[in-house]
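Worksheet: the structure to be examined is printed underneath.
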Amino acid sequence: MPNPFDRLSLPQRRALTCLGILVWLGFYVCVAAALAGFLHGGQITALIFYALAGTLWGVPIIPLISWSENYKGKKKSK
């Protein structure tokens, strides 16, 4: 059974990706802010938490961006 997302054009994929990123970031910010309220410790604990929270948001977005740019099965150059 063919995947219906395979028929999307490049602008459609990019628009869907932008929407997905906005939804993900909204959710991530709410969760990170809620977790920050449970922090106990000093400034070093807060620094480590915010450093991780500020960088880890991008990890789940990488496959989404990769999908959006893989238009019509474009092969990755090695």
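So you can find residues: chains in the structure tokens are A, B, ... in the order shown, residues in each start at 1, and ligands are numbered from 1 in order.
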Distance query Leu39 of chain A at most 9 Å, only C-alpha atoms, self and fewer than 5 positions along chain excluded, as a PyMOL selection string: chain A and resi 45-46+49
Would you mind exporting the chosen residues as a short mmCIF file (atom, residue, chain, number, x, y, z; two decimals), in the first residue's frame, restricted to C-alpha atoms?
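part05.cif was written with the following content:
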data_model
loop_
_atom_site.label_atom_id
_atom_site.label_comp_id
_atom_site.auth_asym_id
_atom_site.auth_seq_id
_atom_site.Cartn_x
_atom_site.Cartn_y
_atom_site.Cartn_z
CA THR A 45 21.63 22.31 38.40
CA ALA A 46 19.60 24.99 36.63
CA PHE A 49 18.92 21.59 32.92
#
Determine, counting only C-alpha atoms, which protein, DNA and RNA residues have an atom within 12 Å of an atom of Leu8 of chain A; residues of the same chain fewer than 2 positions away are not included. Present the result as a ChimeraX atom specification. /A:3-6,10-17,67-73
Taking the DSSP secondary structure from the backbone, can you list the residues of chain A that are helix (DSSP H, G or I), as a PyMOL selection string? chain A and resi 4-7+10-36+43-56+61-69+71-73
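Atom CA of Ala33 of chain A is found 14.3 Å from atom CA of Ile48 of chain A.
Going from atom CA of Tyr50 of chain A over to atom CA of Leu25 of chain A, you cover 14.9 Å.
Atom CA of Gly20 of chain A lies 11.7 Å from atom CA of Ile62 of chain A.
For Ile61 of chain A, the residues within 9 Å (counting only C-alpha atoms, excluding itself and residues fewer than 3 positions away along the chain) are Thr17, Gly20, Ile21, Trp24, Trp57, Gly58, Leu64, Ile65 and Ser66 of chain A.
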